[in-house]
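Engineer: File coords.pdb follows (PDB, C-alpha atoms):
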```pdb
ATOM      1  CA  MET A1424      38.223 -12.662  -2.116
ATOM      2  CA  LEU A1425      37.740 -11.039  -5.534
ATOM      3  CA  LYS A1426      37.476 -14.456  -7.131
ATOM      4  CA  ALA A1427      34.832 -15.530  -4.604
ATOM      5  CA  LEU A1428      32.875 -12.326  -5.270
ATOM      6  CA  SER A1429      33.032 -12.919  -9.020
ATOM      7  CA  THR A1430      31.776 -16.462  -8.537
ATOM      8  CA  SER A1431      28.858 -15.213  -6.428
ATOM      9  CA  VAL A1432      27.928 -12.631  -9.043
ATOM     10  CA  LEU A1433      28.079 -15.291 -11.761
ATOM     11  CA  VAL A1434      25.804 -17.577  -9.736
ATOM     12  CA  LEU A1435      23.314 -14.760  -9.172
ATOM     13  CA  LEU A1436      23.315 -13.838 -12.849
ATOM     14  CA  THR A1437      22.794 -17.480 -13.792
ATOM     15  CA  LEU A1438      19.879 -17.798 -11.386
ATOM     16  CA  LEU A1439      18.370 -14.585 -12.720
ATOM     17  CA  ALA A1440      18.721 -15.799 -16.296
ATOM     18  CA  LEU A1441      17.055 -19.104 -15.394
ATOM     19  CA  LEU A1442      14.231 -17.246 -13.646
ATOM     20  CA  ILE A1443      13.652 -15.029 -16.663
ATOM     21  CA  LEU A1444      13.811 -18.022 -19.001
ATOM     22  CA  GLY A1445      11.333 -19.904 -16.828
ATOM     23  CA  ALA A1446       8.936 -16.962 -16.743
ATOM     24  CA  LEU A1447       9.193 -16.552 -20.517
ATOM     25  CA  THR A1448       8.567 -20.256 -21.066
ATOM     26  CA  ALA A1449       5.537 -20.171 -18.770
ATOM     27  CA  TRP A1450       4.164 -17.148 -20.607
ATOM     28  CA  LEU A1451       4.623 -18.825 -23.986
ATOM     29  CA  LEU A1452       2.833 -21.929 -22.744
ATOM     30  CA  LEU A1453      -0.053 -20.039 -21.096
ATOM     31  CA  ARG A1454      -0.598 -17.119 -23.459
ATOM     32  CA  ALA A1455      -4.057 -17.180 -24.954
ATOM     33  CA  PRO A1456      -5.912 -14.779 -27.248
ATOM     34  CA  ASP A1457      -9.473 -13.610 -26.719
ATOM     35  CA  LEU A1458     -12.234 -15.954 -27.843
ATOM     36  CA  PRO A1459     -14.972 -14.849 -30.271
ATOM     37  CA  ALA A1460     -17.860 -13.199 -28.428
ATOM     38  CA  GLU A1461     -20.393 -14.994 -30.607
ATOM     39  CA  GLN A1462     -18.960 -18.373 -29.646
ATOM     40  CA  LEU A1463     -19.128 -17.664 -25.921
ATOM     41  CA  GLU A1464     -22.646 -16.264 -26.176
ATOM     42  CA  ARG A1465     -23.810 -19.277 -28.159
ATOM     43  CA  GLU A1466     -22.397 -21.670 -25.549
ATOM     44  CA  SER A1467     -24.368 -19.997 -22.742
ATOM     45  CA  ALA A1468     -27.653 -19.364 -24.547
ATOM     46  CA  THR A1469     -30.812 -20.164 -22.554
ATOM     47  CA  PRO A1470     -34.395 -18.856 -22.718
ATOM     48  CA  HIS A1471     -33.588 -16.523 -19.793
ATOM     49  CA  GLU A1472     -30.620 -14.749 -21.425
ATOM     50  CA  ARG A1473     -31.063 -11.074 -22.305
ATOM     51  CA  TYR A1474     -28.912  -8.266 -23.719
ATOM     52  CA  VAL A1475     -29.432  -4.510 -23.569
ATOM     53  CA  GLU A1476     -27.313  -1.752 -25.106
ATOM     54  CA  LEU A1477     -26.801   1.217 -22.795
ATOM     55  CA  GLN A1478     -24.517   3.152 -25.103
ATOM     56  CA  PRO A1479     -22.444   2.456 -28.219
ATOM     57  CA  GLY A1480     -20.107  -0.441 -27.484
ATOM     58  CA  LEU A1481     -21.591  -1.144 -24.041
ATOM     59  CA  ARG A1482     -24.010  -4.072 -24.264
ATOM     60  CA  LEU A1483     -24.973  -5.644 -20.943
ATOM     61  CA  HIS A1484     -25.798  -9.300 -20.554
ATOM     62  CA  TYR A1485     -28.225 -10.412 -17.873
ATOM     63  CA  ARG A1486     -30.438 -13.328 -16.907
ATOM     64  CA  ASP A1487     -34.090 -12.534 -16.148
ATOM     65  CA  GLU A1488     -36.109 -15.181 -14.286
ATOM     66  CA  GLY A1489     -39.421 -15.264 -12.456
ATOM     67  CA  PRO A1490     -42.747 -13.445 -12.907
ATOM     68  CA  SER A1491     -42.401 -10.180 -14.799
ATOM     69  CA  ASP A1492     -44.771  -8.435 -12.395
ATOM     70  CA  ALA A1493     -43.105  -9.673  -9.190
ATOM     71  CA  PRO A1494     -40.855  -7.564  -6.923
ATOM     72  CA  VAL A1495     -37.375  -7.332  -8.466
ATOM     73  CA  LEU A1496     -34.177  -8.692  -6.926
ATOM     74  CA  LEU A1497     -31.022  -7.593  -8.751
ATOM     75  CA  LEU A1498     -27.891  -9.699  -8.174
ATOM     76  CA  LEU A1499     -24.315  -8.402  -8.559
ATOM     77  CA  HIS A1500     -21.319 -10.758  -8.712
ATOM     78  CA  GLY A1501     -17.766 -10.356  -7.466
ATOM     79  CA  TYR A1502     -14.484  -9.576  -9.224
ATOM     80  CA  GLY A1503     -13.711 -12.031 -12.026
ATOM     81  CA  ASP A1504     -17.045 -13.831 -11.543
ATOM     82  CA  SER A1505     -20.268 -13.624 -13.570
ATOM     83  CA  TYR A1506     -24.049 -13.892 -13.390
ATOM     84  CA  ALA A1507     -23.551 -17.663 -13.087
ATOM     85  CA  THR A1508     -22.480 -17.356  -9.440
ATOM     86  CA  TRP A1509     -26.181 -16.937  -8.548
ATOM     87  CA  GLU A1510     -27.465 -20.079 -10.248
ATOM     88  CA  GLY A1511     -27.897 -21.774  -6.876
ATOM     89  CA  TRP A1512     -30.119 -18.960  -5.605
ATOM     90  CA  ALA A1513     -32.471 -18.624  -8.552
ATOM     91  CA  PRO A1514     -34.552 -21.809  -7.986
ATOM     92  CA  ALA A1515     -35.383 -20.748  -4.421
ATOM     93  CA  LEU A1516     -36.219 -17.163  -5.291
ATOM     94  CA  ARG A1517     -37.720 -16.972  -8.776
ATOM     95  CA  GLU A1518     -41.197 -18.160  -7.811
ATOM     96  CA  ARG A1519     -41.878 -15.063  -5.708
ATOM     97  CA  TRP A1520     -39.412 -12.562  -7.165
ATOM     98  CA  ARG A1521     -38.235 -11.444 -10.552
ATOM     99  CA  VAL A1522     -34.563 -12.398 -10.253
ATOM    100  CA  ILE A1523     -32.174 -10.462 -12.487
ATOM    101  CA  SER A1524     -28.492 -11.417 -12.438
ATOM    102  CA  LEU A1525     -26.252  -8.994 -14.292
ATOM    103  CA  ASP A1526     -22.764  -9.264 -15.809
ATOM    104  CA  LEU A1527     -20.794  -6.122 -14.979
ATOM    105  CA  PRO A1528     -18.410  -4.796 -17.682
ATOM    106  CA  GLY A1529     -15.288  -6.935 -17.903
ATOM    107  CA  HIS A1530     -17.219 -10.006 -16.763
ATOM    108  CA  GLY A1531     -19.352 -12.776 -18.182
ATOM    109  CA  LEU A1532     -20.913 -11.923 -21.534
ATOM    110  CA  THR A1533     -21.144  -8.135 -21.238
ATOM    111  CA  ALA A1534     -19.397  -6.241 -24.036
ATOM    112  CA  ALA A1535     -17.656  -2.964 -23.178
ATOM    113  CA  PRO A1536     -15.789  -0.439 -25.329
ATOM    114  CA  ALA A1537     -11.992  -0.316 -25.475
ATOM    115  CA  GLY A1538     -10.530   1.684 -22.637
ATOM    116  CA  TYR A1539     -13.329   0.934 -20.171
ATOM    117  CA  VAL A1540     -11.954   1.162 -16.616
ATOM    118  CA  LEU A1541     -13.182  -0.975 -13.734
ATOM    119  CA  ASP A1542     -14.456   1.430 -11.076
ATOM    120  CA  PHE A1543     -16.992   0.999  -8.246
ATOM    121  CA  ASP A1544     -18.617   4.391  -8.830
ATOM    122  CA  ALA A1545     -18.889   3.769 -12.578
ATOM    123  CA  TYR A1546     -20.495   0.398 -11.854
ATOM    124  CA  THR A1547     -22.935   2.094  -9.479
ATOM    125  CA  ARG A1548     -24.065   4.546 -12.160
ATOM    126  CA  LEU A1549     -24.223   1.761 -14.733
ATOM    127  CA  VAL A1550     -26.553  -0.386 -12.581
ATOM    128  CA  GLN A1551     -28.931   2.560 -12.211
ATOM    129  CA  ASP A1552     -28.877   3.152 -15.965
ATOM    130  CA  PHE A1553     -29.444  -0.541 -16.600
ATOM    131  CA  ALA A1554     -32.467  -0.694 -14.288
ATOM    132  CA  THR A1555     -33.947   2.390 -15.936
ATOM    133  CA  LYS A1556     -33.319   0.970 -19.409
ATOM    134  CA  ILE A1557     -35.229  -2.257 -18.696
ATOM    135  CA  GLY A1558     -38.072  -0.383 -16.983
ATOM    136  CA  VAL A1559     -37.346  -1.278 -13.349
ATOM    137  CA  THR A1560     -38.010   1.641 -11.016
ATOM    138  CA  ARG A1561     -37.481   0.088  -7.578
ATOM    139  CA  PHE A1562     -35.699  -3.109  -6.644
ATOM    140  CA  ALA A1563     -33.889  -5.053  -3.964
ATOM    141  CA  VAL A1564     -30.188  -5.504  -4.624
ATOM    142  CA  ALA A1565     -27.805  -8.215  -3.459
ATOM    143  CA  GLY A1566     -24.083  -8.419  -4.080
ATOM    144  CA  ASN A1567     -21.149 -10.643  -3.287
ATOM    145  CA  SER A1568     -17.624  -9.286  -2.716
ATOM    146  CA  MET A1569     -17.050  -6.510  -5.282
ATOM    147  CA  GLY A1570     -20.732  -6.713  -6.171
ATOM    148  CA  GLY A1571     -21.575  -6.165  -2.522
ATOM    149  CA  GLY A1572     -19.471  -3.017  -2.560
ATOM    150  CA  VAL A1573     -21.383  -1.795  -5.601
ATOM    151  CA  ALA A1574     -24.686  -2.741  -3.927
ATOM    152  CA  TRP A1575     -24.207  -0.650  -0.789
ATOM    153  CA  LYS A1576     -22.818   2.262  -2.780
ATOM    154  CA  LEU A1577     -25.921   2.025  -4.958
ATOM    155  CA  ALA A1578     -28.145   2.127  -1.873
ATOM    156  CA  VAL A1579     -26.307   5.243  -0.693
ATOM    157  CA  ALA A1580     -26.483   6.924  -4.109
ATOM    158  CA  ALA A1581     -30.103   6.053  -4.956
ATOM    159  CA  PRO A1582     -31.957   5.329  -1.697
ATOM    160  CA  ARG A1583     -35.426   5.856  -3.192
ATOM    161  CA  ARG A1584     -34.873   3.079  -5.716
ATOM    162  CA  ILE A1585     -33.656   0.388  -3.306
ATOM    163  CA  THR A1586     -36.264  -1.628  -1.414
ATOM    164  CA  ALA A1587     -33.814  -3.952   0.366
ATOM    165  CA  LEU A1588     -30.076  -4.577   0.548
ATOM    166  CA  VAL A1589     -28.297  -7.947   0.851
ATOM    167  CA  LEU A1590     -24.531  -7.991   1.326
ATOM    168  CA  ALA A1591     -22.677 -11.304   0.968
ATOM    169  CA  ALA A1592     -19.051 -10.886   2.055
ATOM    170  CA  ALA A1593     -19.243  -7.355   0.686
ATOM    171  CA  ALA A1594     -16.199  -5.334  -0.287
ATOM    172  CA  GLY A1595     -15.704  -1.713   0.614
ATOM    173  CA  TRP A1596     -14.746  -1.651   4.266
ATOM    174  CA  PRO A1597     -11.229  -0.166   4.602
ATOM    175  CA  SER A1598      -8.701  -2.941   5.027
ATOM    176  CA  GLU A1599      -5.497  -2.860   7.001
ATOM    177  CA  GLY A1600      -3.387  -5.704   5.701
ATOM    178  CA  ALA A1601      -6.236  -8.197   5.414
ATOM    179  CA  PRO A1602      -5.089 -11.654   4.286
ATOM    180  CA  ASN A1603      -5.275 -12.282   0.576
ATOM    181  CA  ALA A1604      -5.931 -15.806  -0.550
ATOM    182  CA  SER A1605      -5.145 -15.445  -4.217
ATOM    183  CA  LEU A1606      -1.852 -15.276  -6.095
ATOM    184  CA  ALA A1607      -3.714 -13.463  -8.867
ATOM    185  CA  PHE A1608      -4.688 -10.650  -6.479
ATOM    186  CA  ARG A1609      -1.081 -10.346  -5.390
ATOM    187  CA  LEU A1610       0.054 -10.079  -9.012
ATOM    188  CA  LEU A1611      -2.506  -7.312  -9.558
ATOM    189  CA  GLN A1612      -0.435  -5.082  -7.279
ATOM    190  CA  TYR A1613       2.270  -4.794  -9.954
ATOM    191  CA  ARG A1614       2.170  -3.415 -13.475
ATOM    192  CA  TRP A1615       4.143  -6.369 -14.865
ATOM    193  CA  GLY A1616       1.750  -8.723 -13.080
ATOM    194  CA  ARG A1617      -1.299  -7.070 -14.654
ATOM    195  CA  ASP A1618       0.349  -7.188 -18.081
ATOM    196  CA  LEU A1619       1.000 -10.909 -17.592
ATOM    197  CA  LEU A1620      -2.529 -11.705 -16.432
ATOM    198  CA  ALA A1621      -4.000  -9.768 -19.357
ATOM    199  CA  SER A1622      -2.321 -12.032 -21.913
ATOM    200  CA  ILE A1623      -2.510 -15.580 -20.548
ATOM    201  CA  ASP A1624      -5.049 -18.307 -19.887
ATOM    202  CA  ASN A1625      -5.563 -17.781 -16.159
ATOM    203  CA  ARG A1626      -6.962 -21.244 -15.494
ATOM    204  CA  PRO A1627      -4.226 -22.284 -12.999
ATOM    205  CA  LEU A1628      -4.577 -19.019 -11.059
ATOM    206  CA  ILE A1629      -8.366 -19.242 -11.121
ATOM    207  CA  LYS A1630      -8.207 -22.756  -9.678
ATOM    208  CA  GLN A1631      -5.794 -21.648  -6.944
ATOM    209  CA  GLY A1632      -7.773 -18.525  -6.127
ATOM    210  CA  LEU A1633     -11.218 -20.152  -5.992
ATOM    211  CA  SER A1634      -9.934 -23.141  -4.022
ATOM    212  CA  ALA A1635      -8.453 -20.771  -1.454
ATOM    213  CA  GLN A1636     -11.731 -18.879  -1.118
ATOM    214  CA  VAL A1637     -13.982 -21.803  -0.173
ATOM    215  CA  HIS A1638     -13.998 -24.181   2.769
ATOM    216  CA  ASP A1639     -15.116 -27.219   0.729
ATOM    217  CA  LYS A1640     -12.542 -27.553  -2.056
ATOM    218  CA  THR A1641     -14.632 -30.141  -3.940
ATOM    219  CA  LEU A1642     -16.948 -27.315  -5.022
ATOM    220  CA  ILE A1643     -14.245 -25.982  -7.346
ATOM    221  CA  THR A1644     -14.863 -28.299 -10.281
ATOM    222  CA  ASP A1645     -13.147 -28.369 -13.652
ATOM    223  CA  ALA A1646     -16.380 -27.124 -15.232
ATOM    224  CA  LEU A1647     -16.481 -24.088 -12.924
ATOM    225  CA  ILE A1648     -12.833 -23.243 -13.583
ATOM    226  CA  ASP A1649     -13.349 -23.638 -17.323
ATOM    227  CA  ARG A1650     -16.329 -21.274 -17.307
ATOM    228  CA  TRP A1651     -14.407 -18.607 -15.367
ATOM    229  CA  ALA A1652     -11.414 -18.937 -17.698
ATOM    230  CA  ARG A1653     -13.470 -18.792 -20.890
ATOM    231  CA  TYR A1654     -15.465 -15.757 -19.758
ATOM    232  CA  GLN A1655     -12.219 -13.948 -18.955
ATOM    233  CA  ARG A1656     -11.233 -14.484 -22.596
ATOM    234  CA  TYR A1657     -14.304 -12.612 -23.841
ATOM    235  CA  PRO A1658     -12.943  -9.767 -26.018
ATOM    236  CA  GLY A1659     -11.491  -6.998 -23.857
ATOM    237  CA  HIS A1660     -12.352  -8.531 -20.491
ATOM    238  CA  ARG A1661      -8.838  -9.111 -19.230
ATOM    239  CA  ASP A1662      -7.859  -5.522 -20.039
ATOM    240  CA  ILE A1663     -10.808  -4.275 -17.970
ATOM    241  CA  LEU A1664     -10.044  -6.635 -15.096
ATOM    242  CA  MET A1665      -6.449  -5.402 -15.050
ATOM    243  CA  SER A1666      -7.525  -1.737 -15.170
ATOM    244  CA  ALA A1667      -8.547  -1.669 -11.505
ATOM    245  CA  SER A1668      -5.949   0.498  -9.799
ATOM    246  CA  PRO A1669      -4.350  -1.050  -6.687
ATOM    247  CA  THR A1670      -3.275   2.443  -5.614
ATOM    248  CA  ALA A1671      -6.703   4.099  -5.986
ATOM    249  CA  ARG A1672      -7.778   6.266  -3.067
ATOM    250  CA  ARG A1673      -9.754   4.272  -0.558
ATOM    251  CA  LEU A1674     -12.267   5.733   1.847
ATOM    252  CA  SER A1675     -11.421   5.808   5.521
ATOM    253  CA  ALA A1676     -13.492   3.921   8.080
ATOM    254  CA  GLU A1677     -14.965   7.251   9.148
ATOM    255  CA  ASP A1678     -16.005   8.066   5.557
ATOM    256  CA  VAL A1679     -17.596   4.653   5.038
ATOM    257  CA  THR A1680     -19.394   4.808   8.391
ATOM    258  CA  ALA A1681     -20.773   8.246   7.542
ATOM    259  CA  GLN A1682     -22.106   7.006   4.198
ATOM    260  CA  LEU A1683     -23.649   3.867   5.680
ATOM    261  CA  ALA A1684     -25.281   5.909   8.438
ATOM    262  CA  THR A1685     -27.506   7.526   5.797
ATOM    263  CA  LEU A1686     -29.061   4.169   4.852
ATOM    264  CA  GLN A1687     -32.597   3.507   5.973
ATOM    265  CA  VAL A1688     -33.140   0.427   3.823
ATOM    266  CA  PRO A1689     -33.777  -3.049   5.311
ATOM    267  CA  THR A1690     -30.421  -4.830   5.203
ATOM    268  CA  LEU A1691     -29.321  -8.453   5.496
ATOM    269  CA  ILE A1692     -25.600  -9.229   5.762
ATOM    270  CA  LEU A1693     -24.184 -12.711   5.086
ATOM    271  CA  HIS A1694     -20.614 -13.835   5.639
ATOM    272  CA  GLY A1695     -18.669 -17.086   5.870
ATOM    273  CA  GLU A1696     -16.786 -17.418   9.134
ATOM    274  CA  VAL A1697     -13.626 -18.742   7.438
ATOM    275  CA  ASP A1698     -13.545 -16.270   4.546
ATOM    276  CA  PRO A1699      -9.834 -15.769   3.748
ATOM    277  CA  LEU A1700     -10.359 -12.903   1.307
ATOM    278  CA  ILE A1701     -12.585 -10.446   3.186
ATOM    279  CA  PRO A1702     -12.461 -10.864   6.976
ATOM    280  CA  VAL A1703     -15.790 -11.567   8.664
ATOM    281  CA  GLY A1704     -15.014  -8.589  10.902
ATOM    282  CA  HIS A1705     -15.754  -6.322   7.952
ATOM    283  CA  SER A1706     -19.345  -7.543   7.814
ATOM    284  CA  ARG A1707     -19.661  -7.072  11.545
ATOM    285  CA  ARG A1708     -18.637  -3.453  11.044
ATOM    286  CA  PHE A1709     -21.158  -3.081   8.211
ATOM    287  CA  ALA A1710     -23.843  -4.474  10.531
ATOM    288  CA  THR A1711     -22.927  -1.945  13.220
ATOM    289  CA  ALA A1712     -22.835   0.976  10.795
ATOM    290  CA  ILE A1713     -26.165   0.244   9.035
ATOM    291  CA  ALA A1714     -29.137   0.876  11.309
ATOM    292  CA  GLY A1715     -31.249  -2.236  11.859
ATOM    293  CA  ALA A1716     -29.050  -4.515   9.767
ATOM    294  CA  LYS A1717     -29.266  -8.261  10.409
ATOM    295  CA  LEU A1718     -26.032 -10.291  10.281
ATOM    296  CA  ILE A1719     -25.767 -14.043   9.648
ATOM    297  CA  VAL A1720     -22.338 -15.680   9.954
ATOM    298  CA  TYR A1721     -22.040 -19.178   8.503
ATOM    299  CA  PRO A1722     -19.558 -21.585  10.139
ATOM    300  CA  ASP A1723     -17.310 -23.605   7.823
ATOM    301  CA  VAL A1724     -18.100 -21.309   4.877
ATOM    302  CA  GLY A1725     -15.652 -19.115   2.990
ATOM    303  CA  HIS A1726     -16.037 -16.185   0.609
ATOM    304  CA  LEU A1727     -18.849 -17.456  -1.650
ATOM    305  CA  PRO A1728     -21.920 -18.417   0.407
ATOM    306  CA  GLN A1729     -24.109 -18.316  -2.716
ATOM    307  CA  ARG A1730     -21.992 -21.170  -4.144
ATOM    308  CA  GLU A1731     -20.954 -22.991  -0.977
ATOM    309  CA  ILE A1732     -24.351 -23.205   0.717
ATOM    310  CA  PRO A1733     -26.777 -22.031  -1.994
ATOM    311  CA  GLU A1734     -29.936 -23.573  -0.531
ATOM    312  CA  ARG A1735     -29.336 -22.320   3.005
ATOM    313  CA  SER A1736     -28.209 -18.819   2.042
ATOM    314  CA  ALA A1737     -31.042 -18.464  -0.517
ATOM    315  CA  LYS A1738     -33.535 -19.545   2.147
ATOM    316  CA  ASP A1739     -32.214 -16.843   4.479
ATOM    317  CA  VAL A1740     -32.587 -14.263   1.716
ATOM    318  CA  ALA A1741     -36.106 -15.484   0.867
ATOM    319  CA  GLN A1742     -37.191 -15.243   4.501
ATOM    320  CA  PHE A1743     -35.694 -11.777   4.809
ATOM    321  CA  LEU A1744     -37.339 -10.464   1.636
ATOM    322  CA  GLY A1745     -40.572 -12.240   2.411
ATOM    323  CA  SER A1746     -40.800 -10.529   5.787
ATOM    324  CA  LEU A1747     -40.779  -7.168   3.998
ATOM    325  CA  HIS A1748     -43.821  -8.048   1.875
ATOM    326  CA  GLN A1749     -46.100  -9.497   4.540
TER     327      GLN A1749
END
```
In structure tokens, write the structure found in this file.
Structural biologist:
Amino acid sequence: MLKALSTSVLVLLTLLALLILGALTAWLLLRAPDLPAEQLERESATPHERYVELQPGLRLHYRDEGPSDAPVLLLLHGYGDSYATWEGWAPALRERWRVISLDLPGHGLTAAPAGYVLDFDAYTRLVQDFATKIGVTRFAVAGNSMGGGVAWKLAVAAPRRITALVLAAAAGWPSEGAPNASLAFRLLQYRWGRDLLASIDNRPLIKQGLSAQVHDKTLITDALIDRWARYQRYPGHRDILMSASPTARRLSAEDVTAQLATLQVPTLILHGEVDPLIPVGHSRRFATAIAGAKLIVYPDVGHLPQREIPERSAKDVAQFLGSLHQ
């Protein structure tokens, strides 16, 4: 019996050693340093690119399209994404609106100081400061996923500045074991996982995560994955992305409902029916909690309606905003 036990222990130790060796080998193969900011900025340069410094070390990147004197629509992306997620919306909206798509700190081409922590409330204050800095007093705001969570918090915090609110699969409704489609999000729950993600080229995880989030997998092209991966290697970005605390206090449904009940802004809510990351039921609850909100649920669409059905979702947004200016 003792001999059998010793053999079992030896087998377990061998398996553990192989697992550790495999993880170390994978890390050595995938580890990747940050890329030079100047190189990434040069690759993405277009006539619409803009930068503004809000404070020392915090320089925000944004794209500004459409007539300078038109009503403003500010677009906020999701976690790990960038301003580029809205490229499918801009052609349908920039003729009648000034469309500003912003990179939040830790994303895209926005530079942030060392030690910057990803936080919804900090993002909310930052968006207000950004709008003030570029001379925009009032604006409509749209956000996807994390950006949607920032958008509705912004509407709660600064109701006099927000002319309209568009939530696309918005974050922020309390979740009780909602399905998570991404291995990367699961790794974020652990300190060792965050340390790993902060030091490697996350291309394989980005491909897995994005493919899981959309209904039509052909939309997740090599070019899209490459852009996501390269932006995450902007200096300091991965540290900021990993700084989001998985154990941070989350508001209860009662708290969120109470905050949303204060909103008196016209609201459009969009959600893909087969979203595996944020359940469509969350948007239904947002629609119930926000007085007068309109909800559109898209069949056979996942978490990124602005990428999956850009023309249709942009048309819905244009009709909604247009109805407010008639």
Engineer: Pick the closest to Leu1532 of chain A from A:Ala1455, A:Ala1580, A:Ala1545, A:Leu1463: which is it, counting only C-alpha atoms?
Structural biologist: A:Leu1463
Engineer: Tell me which of A:Gly1489, A:Gly1501, A:Pro1459, A:Pro1479 sits closest to Ala1535 of chain A, counting only C-alpha atoms.
Structural biologist: A:Pro1479
Engineer: Return the padded bounding box of segment 1552-1568 of chain A as JSON: axis-aligned, built from all atoms listed in the file, 4 Å added on each side, with centre and edge lengths in Å to one decimal.
Structural biologist:
```
{"center_x": -27.8, "center_y": -3.7, "center_z": -11.1, "size_x": 28.4, "size_y": 21.8, "size_z": 24.7}
```
Engineer: Give as a PyMOL selection string the residues that the PyMOL selection byres ((chain A and resi 1647) around 10) matches when applied to the coordinates above.
Structural biologist: chain A and resi 1507-1508+1629-1630+1633+1642-1646+1648-1652
Engineer: Name the closest residue to Arg1482 of chain A among the candidates A:Pro1528, A:Gly1659, A:Gly1566, A:Pro1722; distances are taken between atoms, counting only C-alpha atoms.
Structural biologist: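 Ranking A:Pro1528, A:Gly1659, A:Gly1566, A:Pro1722 by distance to Arg1482 of chain A, first place goes to A:Pro1528.
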Engineer: Please report the interatomic distance between atom CA of Val1559 of chain A and atom CA of Leu1664 of chain A in Å with one decimal.
Structural biologist: 27.9 Å
Engineer: Using only C-alpha atoms, which of A:Arg1661, A:Arg1584, A:Arg1486, A:His1694 sits nearest Ala1554 of chain A?
Structural biologist: A:Arg1584
Engineer: Once the PyMOL selection byres ((chain A and resi 1525) around 8) has been evaluated on this model, what residues remain selected, and can you format them as a ChimeraX atom specification?
Structural biologist: /A:1483-1486,1497-1500,1505-1506,1523-1524,1526-1527
Engineer: Measuring between all atoms listed in the file, which one of A:Asp1504, A:Glu1734, A:Glu1464, A:Asp1552 shows the shortest distance to Asn1567 of chain A?
Structural biologist: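 For Asn1567 of chain A, the nearest of the given residues is A:Asp1504.
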Engineer: Separation of atom CA of Pro1699 of chain A and atom CA of Trp1596 of chain A, in Å?
Structural biologist: 15.0 Å
Engineer: When you count all atoms listed in the file, which of these residues is closest to His1660 of chain A: A:Ala1513, A:Val1550, A:Ala1534, A:Leu1747?
Structural biologist: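 Using all atoms listed in the file, His1660 of chain A sits closest to A:Ala1534.
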Engineer: Could you pull the residues within 6 Å of Val1522 of chain A, counting only C-alpha atoms, minus those fewer than 4 positions along the same chain, as a list in words?
Structural biologist: Asp1487, Glu1488, Leu1496 and Arg1517 of chain A
Engineer: How far is it from atom CA of Ala1493 of chain A to atom CA of Arg1521 of chain A, in Å with one decimal?
Structural biologist: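 We find that atom CA of Ala1493 of chain A and atom CA of Arg1521 of chain A lie 5.4 Å from each other.
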Engineer: I'd like the residues picked by the PyMOL selection byres ((chain A and resi 1695) around 12) written out as JSON, numbers by chain, using the chain letters and numbers from the file.
Structural biologist: {"A": [1567, 1568, 1590, 1591, 1592, 1593, 1636, 1637, 1638, 1639, 1692, 1693, 1694, 1696, 1697, 1698, 1699, 1700, 1701, 1702, 1703, 1704, 1705, 1706, 1707, 1718, 1719, 1720, 1721, 1722, 1723, 1724, 1725, 1726, 1727, 1728, 1729, 1730, 1731, 1732, 1736]}
